[in-house]
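Structure file final-v5.csv (CSV, N, CA, C and O atoms) follows.
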chain,number,residue,atom,x,y,z
A,672,MET,N,76.7,104.4,101.8
A,672,MET,CA,75.9,103.7,102.7
A,672,MET,C,76.3,104.1,104.2
A,672,MET,O,77.4,104.4,104.5
A,673,ASN,N,75.2,104.2,105.0
A,673,ASN,CA,75.4,104.7,106.4
A,673,ASN,C,76.0,103.5,107.2
A,673,ASN,O,75.4,102.4,107.2
A,674,THR,N,77.1,103.8,107.9
A,674,THR,CA,77.6,102.7,108.7
A,674,THR,C,77.2,102.8,110.2
A,674,THR,O,77.8,102.1,111.0
A,675,GLN,N,76.3,103.7,110.4
A,675,GLN,CA,75.8,103.9,111.8
A,675,GLN,C,75.0,102.6,112.2
A,675,GLN,O,74.3,102.1,111.4
A,676,PRO,N,75.2,102.1,113.4
A,676,PRO,CA,74.5,100.9,113.8
A,676,PRO,C,73.0,101.0,113.7
A,676,PRO,O,72.4,102.1,114.0
A,677,LEU,N,72.4,100.0,113.3
A,677,LEU,CA,70.9,100.0,113.1
A,677,LEU,C,70.1,100.4,114.3
A,677,LEU,O,69.2,101.2,114.2
A,678,PRO,N,70.5,99.9,115.5
A,678,PRO,CA,69.7,100.4,116.7
A,678,PRO,C,69.8,101.9,116.9
A,678,PRO,O,68.8,102.5,117.3
A,679,GLU,N,70.9,102.5,116.5
A,679,GLU,CA,71.0,104.0,116.7
A,679,GLU,C,70.1,104.7,115.6
A,679,GLU,O,69.4,105.7,116.0
A,680,LEU,N,70.1,104.1,114.4
A,680,LEU,CA,69.2,104.7,113.4
A,680,LEU,C,67.7,104.6,113.8
A,680,LEU,O,66.9,105.5,113.6
A,681,ILE,N,67.4,103.4,114.3
A,681,ILE,CA,66.0,103.2,114.8
A,681,ILE,C,65.6,104.2,115.9
A,681,ILE,O,64.6,104.8,115.9
A,682,ALA,N,66.5,104.4,116.8
A,682,ALA,CA,66.3,105.3,117.9
A,682,ALA,C,66.1,106.7,117.4
A,682,ALA,O,65.2,107.5,117.8
A,683,GLN,N,66.9,107.1,116.4
A,683,GLN,CA,66.7,108.5,115.8
A,683,GLN,C,65.4,108.6,115.1
A,683,GLN,O,64.7,109.6,115.2
A,684,ALA,N,65.0,107.5,114.4
A,684,ALA,CA,63.7,107.5,113.7
A,684,ALA,C,62.5,107.7,114.7
A,684,ALA,O,61.6,108.4,114.5
A,685,GLN,N,62.7,107.0,115.8
A,685,GLN,CA,61.6,107.1,116.9
A,685,GLN,C,61.5,108.5,117.4
A,685,GLN,O,60.5,109.0,117.7
A,686,GLN,N,62.7,109.1,117.6
A,686,GLN,CA,62.7,110.5,118.1
A,686,GLN,C,62.0,111.4,117.1
A,686,GLN,O,61.3,112.3,117.5
A,687,LEU,N,62.3,111.2,115.8
A,687,LEU,CA,61.7,112.0,114.8
A,687,LEU,C,60.1,111.9,114.8
A,687,LEU,O,59.4,112.8,114.7
A,688,VAL,N,59.7,110.6,114.9
A,688,VAL,CA,58.2,110.4,115.0
A,688,VAL,C,57.6,111.1,116.2
A,688,VAL,O,56.6,111.7,116.0
A,689,ASN,N,58.3,111.1,117.3
A,689,ASN,CA,57.8,111.8,118.5
A,689,ASN,C,57.7,113.3,118.3
A,689,ASN,O,56.8,113.9,118.7
A,690,GLN,N,58.8,113.8,117.6
A,690,GLN,CA,58.8,115.2,117.3
A,690,GLN,C,57.7,115.6,116.4
A,690,GLN,O,57.0,116.7,116.5
A,691,ILE,N,57.4,114.8,115.4
A,691,ILE,CA,56.4,115.0,114.4
A,691,ILE,C,55.0,115.0,115.2
A,691,ILE,O,54.2,115.9,115.0
A,692,ARG,N,54.8,114.0,116.0
A,692,ARG,CA,53.6,113.9,116.7
A,692,ARG,C,53.3,115.1,117.6
A,692,ARG,O,52.1,115.5,117.8
A,693,GLN,N,54.3,115.7,118.2
A,693,GLN,CA,54.2,116.8,119.1
A,693,GLN,C,54.2,118.2,118.4
A,693,GLN,O,53.9,119.2,119.0
A,694,HIS,N,54.5,118.2,117.1
A,694,HIS,CA,54.6,119.4,116.4
A,694,HIS,C,53.2,120.1,116.2
A,694,HIS,O,52.3,119.4,115.8
A,695,PRO,N,53.1,121.4,116.5
A,695,PRO,CA,51.8,122.1,116.4
A,695,PRO,C,51.2,122.0,115.0
A,695,PRO,O,50.0,121.8,114.9
A,696,GLN,N,52.0,122.1,114.0
A,696,GLN,CA,51.5,122.1,112.6
A,696,GLN,C,50.9,120.7,112.3
A,696,GLN,O,49.8,120.6,111.7
A,697,TYR,N,51.5,119.6,112.8
A,697,TYR,CA,51.0,118.3,112.6
A,697,TYR,C,49.7,118.1,113.4
A,697,TYR,O,48.7,117.5,112.9
A,698,GLN,N,49.7,118.6,114.6
A,698,GLN,CA,48.5,118.5,115.4
A,698,GLN,C,47.3,119.2,114.8
A,698,GLN,O,46.1,118.8,115.1
A,699,ARG,N,47.5,120.3,114.0
A,699,ARG,CA,46.4,121.0,113.4
A,699,ARG,C,45.9,120.3,112.1
A,699,ARG,O,44.8,120.7,111.7
A,700,LEU,N,46.7,119.4,111.6
A,700,LEU,CA,46.3,118.7,110.4
A,700,LEU,C,45.1,117.8,110.7
A,700,LEU,O,45.0,117.2,111.7
A,701,ASN,N,44.2,117.8,109.7
A,701,ASN,CA,43.1,116.9,109.8
A,701,ASN,C,43.4,115.7,108.9
A,701,ASN,O,42.9,115.6,107.8
A,702,PHE,N,44.4,114.9,109.4
A,702,PHE,CA,45.0,113.9,108.6
A,702,PHE,C,44.4,112.5,108.9
A,702,PHE,O,44.4,112.1,110.0
A,703,ASP,N,43.8,111.9,107.9
A,703,ASP,CA,43.2,110.6,108.1
A,703,ASP,C,43.8,109.6,107.2
A,703,ASP,O,43.7,109.7,106.0
A,704,CYS,N,44.4,108.5,107.7
A,704,CYS,CA,44.9,107.5,106.9
A,704,CYS,C,44.9,106.2,107.7
A,704,CYS,O,44.5,106.1,108.9
A,705,ASP,N,45.2,105.1,107.0
A,705,ASP,CA,45.1,103.8,107.6
A,705,ASP,C,46.2,103.5,108.6
A,705,ASP,O,46.1,102.7,109.5
A,706,VAL,N,47.4,104.2,108.4
A,706,VAL,CA,48.5,104.0,109.3
A,706,VAL,C,48.7,105.2,110.2
A,706,VAL,O,48.8,106.3,109.6
A,707,THR,N,48.7,105.1,111.5
A,707,THR,CA,48.9,106.2,112.4
A,707,THR,C,50.3,106.3,112.8
A,707,THR,O,51.1,105.4,112.7
A,708,LEU,N,50.7,107.4,113.5
A,708,LEU,CA,52.0,107.5,114.0
A,708,LEU,C,52.2,106.5,115.2
A,708,LEU,O,53.3,106.1,115.4
A,709,GLY,N,51.1,106.1,115.8
A,709,GLY,CA,51.2,105.1,116.8
A,709,GLY,C,51.6,103.7,116.2
A,709,GLY,O,52.4,103.0,116.8
A,710,ASP,N,51.1,103.5,115.0
A,710,ASP,CA,51.5,102.3,114.3
A,710,ASP,C,53.0,102.3,113.9
A,710,ASP,O,53.7,101.3,114.0
A,711,VAL,N,53.4,103.5,113.4
A,711,VAL,CA,54.8,103.7,113.0
A,711,VAL,C,55.7,103.5,114.3
A,711,VAL,O,56.7,102.8,114.2
A,712,SER,N,55.3,104.0,115.4
A,712,SER,CA,56.1,103.9,116.6
A,712,SER,C,56.2,102.4,117.0
A,712,SER,O,57.2,102.0,117.4
A,713,GLN,N,55.1,101.7,116.9
A,713,GLN,CA,55.1,100.3,117.3
A,713,GLN,C,56.0,99.5,116.3
A,713,GLN,O,56.7,98.6,116.8
A,714,PHE,N,56.0,99.9,115.1
A,714,PHE,CA,56.9,99.2,114.1
A,714,PHE,C,58.3,99.4,114.5
A,714,PHE,O,59.1,98.4,114.5
A,715,PHE,N,58.7,100.6,114.9
A,715,PHE,CA,60.1,100.9,115.3
A,715,PHE,C,60.4,100.2,116.6
A,715,PHE,O,61.5,99.7,116.8
A,716,ASN,N,59.4,100.0,117.5
A,716,ASN,CA,59.7,99.3,118.7
A,716,ASN,C,60.0,97.8,118.4
A,716,ASN,O,60.9,97.2,119.0
A,717,THR,N,59.2,97.2,117.5
A,717,THR,CA,59.4,95.9,117.1
A,717,THR,C,60.7,95.7,116.4
A,717,THR,O,61.5,94.8,116.6
A,718,LEU,N,61.0,96.7,115.5
A,718,LEU,CA,62.3,96.6,114.7
A,718,LEU,C,63.5,96.8,115.7
A,718,LEU,O,64.5,96.1,115.5
A,719,GLN,N,63.4,97.6,116.7
A,719,GLN,CA,64.4,97.8,117.7
A,719,GLN,C,64.7,96.5,118.4
A,719,GLN,O,65.8,96.1,118.6
A,720,TRP,N,63.6,95.8,118.8
A,720,TRP,CA,63.8,94.5,119.5
A,720,TRP,C,64.4,93.5,118.6
A,720,TRP,O,65.3,92.8,119.0
A,721,SER,N,64.0,93.4,117.4
A,721,SER,CA,64.5,92.5,116.4
A,721,SER,C,66.0,92.8,116.2
A,721,SER,O,66.8,91.8,116.1
A,722,ALA,N,66.3,94.0,116.0
A,722,ALA,CA,67.7,94.4,115.7
A,722,ALA,C,68.6,94.1,116.9
A,722,ALA,O,69.8,93.6,116.7
A,723,ALA,N,68.1,94.3,118.1
A,723,ALA,CA,68.9,94.0,119.3
A,723,ALA,C,69.1,92.5,119.4
A,723,ALA,O,70.2,92.0,119.9
A,724,ALA,N,68.2,91.7,119.0
A,724,ALA,CA,68.2,90.2,119.1
A,724,ALA,C,69.1,89.6,118.0
A,724,ALA,O,69.6,88.5,118.1
A,725,SER,N,69.3,90.4,116.9
A,725,SER,CA,70.0,89.9,115.8
A,725,SER,C,71.5,90.1,116.0
A,725,SER,O,72.0,91.1,116.5
A,726,THR,N,72.3,89.2,115.5
A,726,THR,CA,73.8,89.3,115.6
A,726,THR,C,74.4,89.2,114.2
A,726,THR,O,75.4,88.5,114.0
A,727,VAL,N,73.8,89.8,113.2
A,727,VAL,CA,74.3,89.7,111.9
A,727,VAL,C,75.5,90.6,111.7
A,727,VAL,O,75.6,91.7,112.2
A,728,ASP,N,76.6,90.0,111.2
A,728,ASP,CA,77.9,90.7,111.0
A,728,ASP,C,77.9,91.3,109.6
A,728,ASP,O,78.0,90.6,108.6
A,729,VAL,N,77.7,92.6,109.6
A,729,VAL,CA,77.7,93.3,108.3
A,729,VAL,C,79.0,94.1,108.1
A,729,VAL,O,79.1,94.9,107.2
A,730,SER,N,80.0,93.7,108.8
A,730,SER,CA,81.3,94.4,108.7
A,730,SER,C,82.1,93.9,107.6
A,730,SER,O,83.1,94.6,107.1
A,731,ARG,N,81.8,92.8,107.1
A,731,ARG,CA,82.6,92.2,105.9
A,731,ARG,C,82.4,93.0,104.7
A,731,ARG,O,81.3,93.4,104.4
A,732,GLU,N,83.5,93.3,104.0
A,732,GLU,CA,83.4,94.1,102.8
A,732,GLU,C,82.5,93.3,101.7
A,732,GLU,O,82.7,92.1,101.6
A,733,GLY,N,81.6,94.0,101.1
A,733,GLY,CA,80.8,93.3,100.0
A,733,GLY,C,79.6,92.6,100.6
A,733,GLY,O,78.9,91.9,99.8
A,734,PHE,N,79.3,92.7,101.8
A,734,PHE,CA,78.2,92.0,102.4
A,734,PHE,C,76.9,92.3,101.7
A,734,PHE,O,76.1,91.4,101.5
A,735,PHE,N,76.7,93.6,101.3
A,735,PHE,CA,75.4,94.0,100.6
A,735,PHE,C,75.5,94.0,99.1
A,735,PHE,O,74.7,94.5,98.4
A,736,GLN,N,76.6,93.5,98.6
A,736,GLN,CA,76.8,93.6,97.1
A,736,GLN,C,76.5,92.3,96.5
A,736,GLN,O,76.4,91.3,97.0
Entire entry expressed as structure tokens:
Amino acid sequence: MNTQPLPELIAQAQQLVNQIRQHPQYQRLNFDCDVTLGDVSQFFNTLQWSAAASTVDVSREGFFQ
């Protein structure tokens, strides 16, 4: 399990989405779907805000077991 803080993981995911959006190969794709990269970016923005507002202590052993 990754012990990296959730806000850091979210920031990395947002950076990847931006890199994908700017990638020439992606820009050449004629990709049509219900969810856009803008939607994904907005999701991560909302998740980032929620994670920052949350104070869940996951440091206890067995928290996710």
For this session: List every residue of chain A that DSSP, applied to the backbone, labels as alpha helix (DSSP H), and write the result as number ranges by chain.
Result: A: 677-693, 695-699, 708-724
For this session: Would you kindly return, as a PyMOL selection string, each protein, DNA or RNA residue with an atom no farther than 8 Å from any atom of A:Ala684, considering only N, CA, C and O atoms and excluding same-chain residues fewer than 6 positions away?
Result: chain A and resi 677-678+690-691+711-712+715
Exercise. Atom CA of A:His694 to atom N of A:Gln675: how many Å, to one decimal?
Worked result: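 Result for atom CA of A:His694 versus atom N of A:Gln675: 27.4 Å, one decimal.
Relative to atom CA of A:Asn716, atom N of A:Arg692 is found at 15.7 Å.
Here atom O of A:Val688 is placed at a distance of 16.0 Å from atom CA of A:Gln719.
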Exercise. When distances are computed from all atoms listed in the file, which of A:Phe714, A:Trp720, A:Leu708, A:Phe702 shows the smallest separation from A:Asn689?
Worked result: A:Leu708
